[in-house]
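Each remark here refers to the structure printed beneath this line.
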Amino acid sequence: MKISMVVPAFNEERLLPATLASLQAARSVFDERGWTSELVVCDNNSTDRTAEIARAAGAAVVFEPVNQIARARNTGAASAGGDWLVFVDADSQPTRALFDDVAAQIETGRCLAGGSTLRFRTDRLAARLLVTLWNALSRICRWGAGSLVFCEGAAFREVGGFSQTLYAGEEIDLFARLKRVAGAKGRTIVILHRHPLATSDRKVRLYGIGEHLAFLLKTSLSAGRTLRNRDACFLWYDGRR
């Protein structure tokens, strides 16, 4: 068994070191099972030291010139050789306990893909309310947050990976397709919750509630067409860090 950990990264020199350190520590659960693992960072056209930091941490670095999260994840996956893919965002720190739960699901043979609930390291009320709402929706709908997605490599390729027509919401779209495949094959989609993934609350810190509500309103009124427009998805692409 081989596990490929894939990290998409655009100008992440500030948060990437902590993410890579957490991945290096957490991957020990794969070693203990006699599995092999690799760490792949996709430099998504960064202008800072992202690639240098990744190489210094022992990661294989691939380059994706088009600044789009879905493309970065797909480019990283295309260079990965694992039986299973574990996508982790560059501002998130999985623990050994969380990866142990991921490995346990893989070992069942029933799981096709999954994700995890989230935890923001903040006391901000807005952030806590947002993550509580997302975690409930994630478990009810079996939607994995893009911060952590694990998936059988063959299934990922079968559904065509992340949709490159989307600039946001691509993880929900991916899980919709994976659920159909899982249902047809008698497999399961799981959302782990015993050890929530620690991830950055920067979108809540850097953008006002009005900006978030405006984006949600435009997305609802346009029946999701804003998700296919890079400029409309400014919360992900305007470069604030």
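By order in the structure tokens, chains are A, B, ...; within a chain, residues start at 1; ligands start at 1, following the order shown.
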
TODO: Step one, run DSSP on the backbone; step two, keep only residues of range 55-215 of chain A assigned to alpha helix (DSSP H); then write them as a PyMOL selection string.
DONE: chain A and resi 55-56+69-78+96-108+125-141+153-159+170-185+202-206+209-215

TODO: For range 128-144 of chain A, list every protein, DNA or RNA residue within 10 Å, evaluated using only C-alpha atoms, and leave out those in the same chain fewer than 3 positions away; present the list as number ranges by chain.
DONE: A: 113-125, 147-150, 171-176, 179, 188-193, 196, 201, 204

Written file, previous selection with N, CA and C atoms, as an mmCIF file, in the first residue's frame:
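And here's again_29.cif as it stands now:
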```
data_model
loop_
_atom_site.group_PDB
_atom_site.id
_atom_site.type_symbol
_atom_site.label_atom_id
_atom_site.label_comp_id
_atom_site.auth_asym_id
_atom_site.auth_seq_id
_atom_site.Cartn_x
_atom_site.Cartn_y
_atom_site.Cartn_z
ATOM 1 N N ALA A 113 -13.809 6.962 -0.096
ATOM 2 C CA ALA A 113 -13.279 8.320 0.059
ATOM 3 C C ALA A 113 -13.818 8.908 1.348
ATOM 4 N N GLY A 114 -13.239 10.024 1.748
ATOM 5 C CA GLY A 114 -13.727 10.664 2.965
ATOM 6 C C GLY A 114 -13.099 12.013 3.209
ATOM 7 N N GLY A 115 -13.511 12.591 4.321
ATOM 8 C CA GLY A 115 -12.993 13.880 4.740
ATOM 9 C C GLY A 115 -13.023 13.958 6.250
ATOM 10 N N SER A 116 -12.941 15.166 6.773
ATOM 11 C CA SER A 116 -12.908 15.351 8.219
ATOM 12 C C SER A 116 -13.640 16.628 8.600
ATOM 13 N N THR A 117 -14.192 16.632 9.801
ATOM 14 C CA THR A 117 -14.692 17.885 10.349
ATOM 15 C C THR A 117 -13.491 18.786 10.642
ATOM 16 N N LEU A 118 -13.775 20.068 10.885
ATOM 17 C CA LEU A 118 -12.726 21.065 11.031
ATOM 18 C C LEU A 118 -12.721 21.706 12.417
ATOM 19 N N ARG A 119 -11.587 22.271 12.748
ATOM 20 C CA ARG A 119 -11.442 23.037 13.993
ATOM 21 C C ARG A 119 -10.596 24.262 13.698
ATOM 22 N N PHE A 120 -11.166 25.447 13.991
ATOM 23 C CA PHE A 120 -10.411 26.689 13.852
ATOM 24 C C PHE A 120 -9.707 26.998 15.163
ATOM 25 N N ARG A 121 -8.447 27.404 15.077
ATOM 26 C CA ARG A 121 -7.718 27.820 16.275
ATOM 27 C C ARG A 121 -7.981 29.302 16.522
ATOM 28 N N THR A 122 -9.160 29.599 17.038
ATOM 29 C CA THR A 122 -9.563 30.990 17.262
ATOM 30 C C THR A 122 -10.705 31.032 18.261
ATOM 31 N N ASP A 123 -10.858 32.172 18.902
ATOM 32 C CA ASP A 123 -11.997 32.403 19.798
ATOM 33 C C ASP A 123 -13.040 33.300 19.141
ATOM 34 N N ARG A 124 -12.827 33.657 17.894
ATOM 35 C CA ARG A 124 -13.776 34.526 17.200
ATOM 36 C C ARG A 124 -15.123 33.837 17.049
ATOM 37 N N LEU A 125 -16.169 34.519 17.479
ATOM 38 C CA LEU A 125 -17.507 33.928 17.457
ATOM 39 C C LEU A 125 -17.937 33.582 16.039
ATOM 40 N N SER A 147 -9.936 21.103 2.752
ATOM 41 C CA SER A 147 -8.771 21.086 3.644
ATOM 42 C C SER A 147 -8.206 19.692 3.834
ATOM 43 N N LEU A 148 -9.092 18.680 3.793
ATOM 44 C CA LEU A 148 -8.650 17.285 3.875
ATOM 45 C C LEU A 148 -9.607 16.402 3.094
ATOM 46 N N VAL A 149 -9.103 15.794 2.056
ATOM 47 C CA VAL A 149 -9.858 14.836 1.252
ATOM 48 C C VAL A 149 -8.984 13.608 1.066
ATOM 49 N N PHE A 150 -9.490 12.429 1.427
ATOM 50 C CA PHE A 150 -8.751 11.207 1.105
ATOM 51 C C PHE A 150 -9.614 10.344 0.201
ATOM 52 N N GLU A 171 -14.646 20.739 -4.090
ATOM 53 C CA GLU A 171 -14.664 19.541 -3.253
ATOM 54 C C GLU A 171 -16.067 18.971 -3.117
ATOM 55 N N ILE A 172 -17.074 19.847 -3.063
ATOM 56 C CA ILE A 172 -18.461 19.374 -2.976
ATOM 57 C C ILE A 172 -18.849 18.676 -4.272
ATOM 58 N N ASP A 173 -18.437 19.258 -5.386
ATOM 59 C CA ASP A 173 -18.689 18.641 -6.688
ATOM 60 C C ASP A 173 -18.017 17.271 -6.775
ATOM 61 N N LEU A 174 -16.768 17.173 -6.291
ATOM 62 C CA LEU A 174 -16.058 15.892 -6.310
ATOM 63 C C LEU A 174 -16.792 14.847 -5.483
ATOM 64 N N PHE A 175 -17.230 15.223 -4.292
ATOM 65 C CA PHE A 175 -17.906 14.252 -3.433
ATOM 66 C C PHE A 175 -19.252 13.822 -4.012
ATOM 67 N N ALA A 176 -19.922 14.698 -4.734
ATOM 68 C CA ALA A 176 -21.180 14.306 -5.381
ATOM 69 C C ALA A 176 -20.933 13.171 -6.372
ATOM 70 N N LYS A 179 -19.832 9.905 -4.471
ATOM 71 C CA LYS A 179 -20.958 9.222 -3.814
ATOM 72 C C LYS A 179 -21.709 8.333 -4.804
ATOM 73 N N THR A 188 -18.431 3.044 0.794
ATOM 74 C CA THR A 188 -18.903 4.116 1.662
ATOM 75 C C THR A 188 -18.068 5.393 1.498
ATOM 76 N N ILE A 189 -18.708 6.512 1.847
ATOM 77 C CA ILE A 189 -18.043 7.810 1.971
ATOM 78 C C ILE A 189 -18.153 8.195 3.440
ATOM 79 N N VAL A 190 -17.040 8.543 4.062
ATOM 80 C CA VAL A 190 -17.061 8.830 5.498
ATOM 81 C C VAL A 190 -16.548 10.240 5.783
ATOM 82 N N ILE A 191 -17.102 10.836 6.830
ATOM 83 C CA ILE A 191 -16.588 12.104 7.353
ATOM 84 C C ILE A 191 -16.130 11.830 8.781
ATOM 85 N N LEU A 192 -14.828 11.853 8.982
ATOM 86 C CA LEU A 192 -14.256 11.586 10.294
ATOM 87 C C LEU A 192 -14.520 12.768 11.222
ATOM 88 N N HIS A 193 -14.730 12.468 12.514
ATOM 89 C CA HIS A 193 -15.053 13.569 13.430
ATOM 90 C C HIS A 193 -14.421 13.431 14.813
ATOM 91 N N PRO A 196 -10.935 16.399 14.786
ATOM 92 C CA PRO A 196 -11.113 17.398 13.726
ATOM 93 C C PRO A 196 -9.792 17.989 13.240
ATOM 94 N N ASP A 201 -8.215 30.062 10.155
ATOM 95 C CA ASP A 201 -9.475 30.813 10.102
ATOM 96 C C ASP A 201 -9.298 32.115 9.318
ATOM 97 N N VAL A 204 -12.087 34.161 7.647
ATOM 98 C CA VAL A 204 -12.973 34.896 8.556
ATOM 99 C C VAL A 204 -12.268 36.144 9.083
#
```

- [ ] Could you give me, as a PyMOL selection string, each residue of range 10-223 of chain A that DSSP assigns to strand (DSSP E) when run on this structure's backbone?
- [x] chain A and resi 36-43+60-63+84-88+92-93+111-120+148-152+188-199

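Taking CA of Cys111 in chain A and CA of Arg187 in chain A as the two end points, the separation is 5.6 Å.
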
Which neighbours of Gly153 in chain A fall inside 9 Å, counting only C-alpha atoms, when residues of the same chain fewer than 6 positions from it are skipped, and could you give them as a PDB file with N, CA and C atoms, in the first residue's frame?
```
ATOM      1  N   ALA A  77      -1.866  15.361  -7.960  1.00  0.00           N
ATOM      2  CA  ALA A  77      -2.323  13.969  -8.025  1.00  0.00           C
ATOM      3  C   ALA A  77      -1.754  13.256  -9.238  1.00  0.00           C
ATOM      4  N   GLY A  81       2.046   8.604  -7.052  1.00  0.00           N
ATOM      5  CA  GLY A  81       1.964   7.189  -7.403  1.00  0.00           C
ATOM      6  C   GLY A  81       1.256   6.340  -6.380  1.00  0.00           C
ATOM      7  N   GLY A  82       0.488   6.977  -5.474  1.00  0.00           N
ATOM      8  CA  GLY A  82      -0.139   6.237  -4.387  1.00  0.00           C
ATOM      9  C   GLY A  82      -1.399   5.490  -4.766  1.00  0.00           C
ATOM     10  N   ASP A  83      -1.670   4.407  -4.033  1.00  0.00           N
ATOM     11  CA  ASP A  83      -2.949   3.703  -4.160  1.00  0.00           C
ATOM     12  C   ASP A  83      -4.075   4.573  -3.609  1.00  0.00           C
ATOM     13  N   TRP A  84      -3.722   5.392  -2.608  1.00  0.00           N
ATOM     14  CA  TRP A  84      -4.667   6.348  -2.033  1.00  0.00           C
ATOM     15  C   TRP A  84      -4.047   7.738  -2.071  1.00  0.00           C
ATOM     16  N   LEU A  85      -4.900   8.737  -2.295  1.00  0.00           N
ATOM     17  CA  LEU A  85      -4.498  10.133  -2.307  1.00  0.00           C
ATOM     18  C   LEU A  85      -5.068  10.820  -1.072  1.00  0.00           C
TER      19      LEU A  85
END
```

Task: Option closest in space to Ala232 in chain A, from A:Leu166, A:Cys42, A:Leu178, A:Ile209 [counting only C-alpha atoms] - done: A:Leu166

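Separating CA of Phe99 in chain A from CA of Phe30 in chain A is a distance of 8.2 Å.
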
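Nearest to Gly109 in chain A of all the residues A:Ile69, A:Gly210, A:Phe234, A:Gly186 is A:Gly186, based on only C-alpha atoms.
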
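Comparing the minimum interatomic distances between Arg14 in chain A and each of A:Ser200, A:Ser79, A:Thr226, A:Arg180, counting only C-alpha atoms, we find that A:Ser200 sits nearest.
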
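For the set A:Gly239, A:Pro65, A:Gly208, A:Pro94, the residue with the smallest atom-to-atom gap to Leu23 in chain A is A:Pro94, counting only C-alpha atoms.
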
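Closest to Arg96 in chain A among A:Ala154, A:Ala25, A:Leu206, A:Leu221 is A:Ala25, based on only C-alpha atoms.
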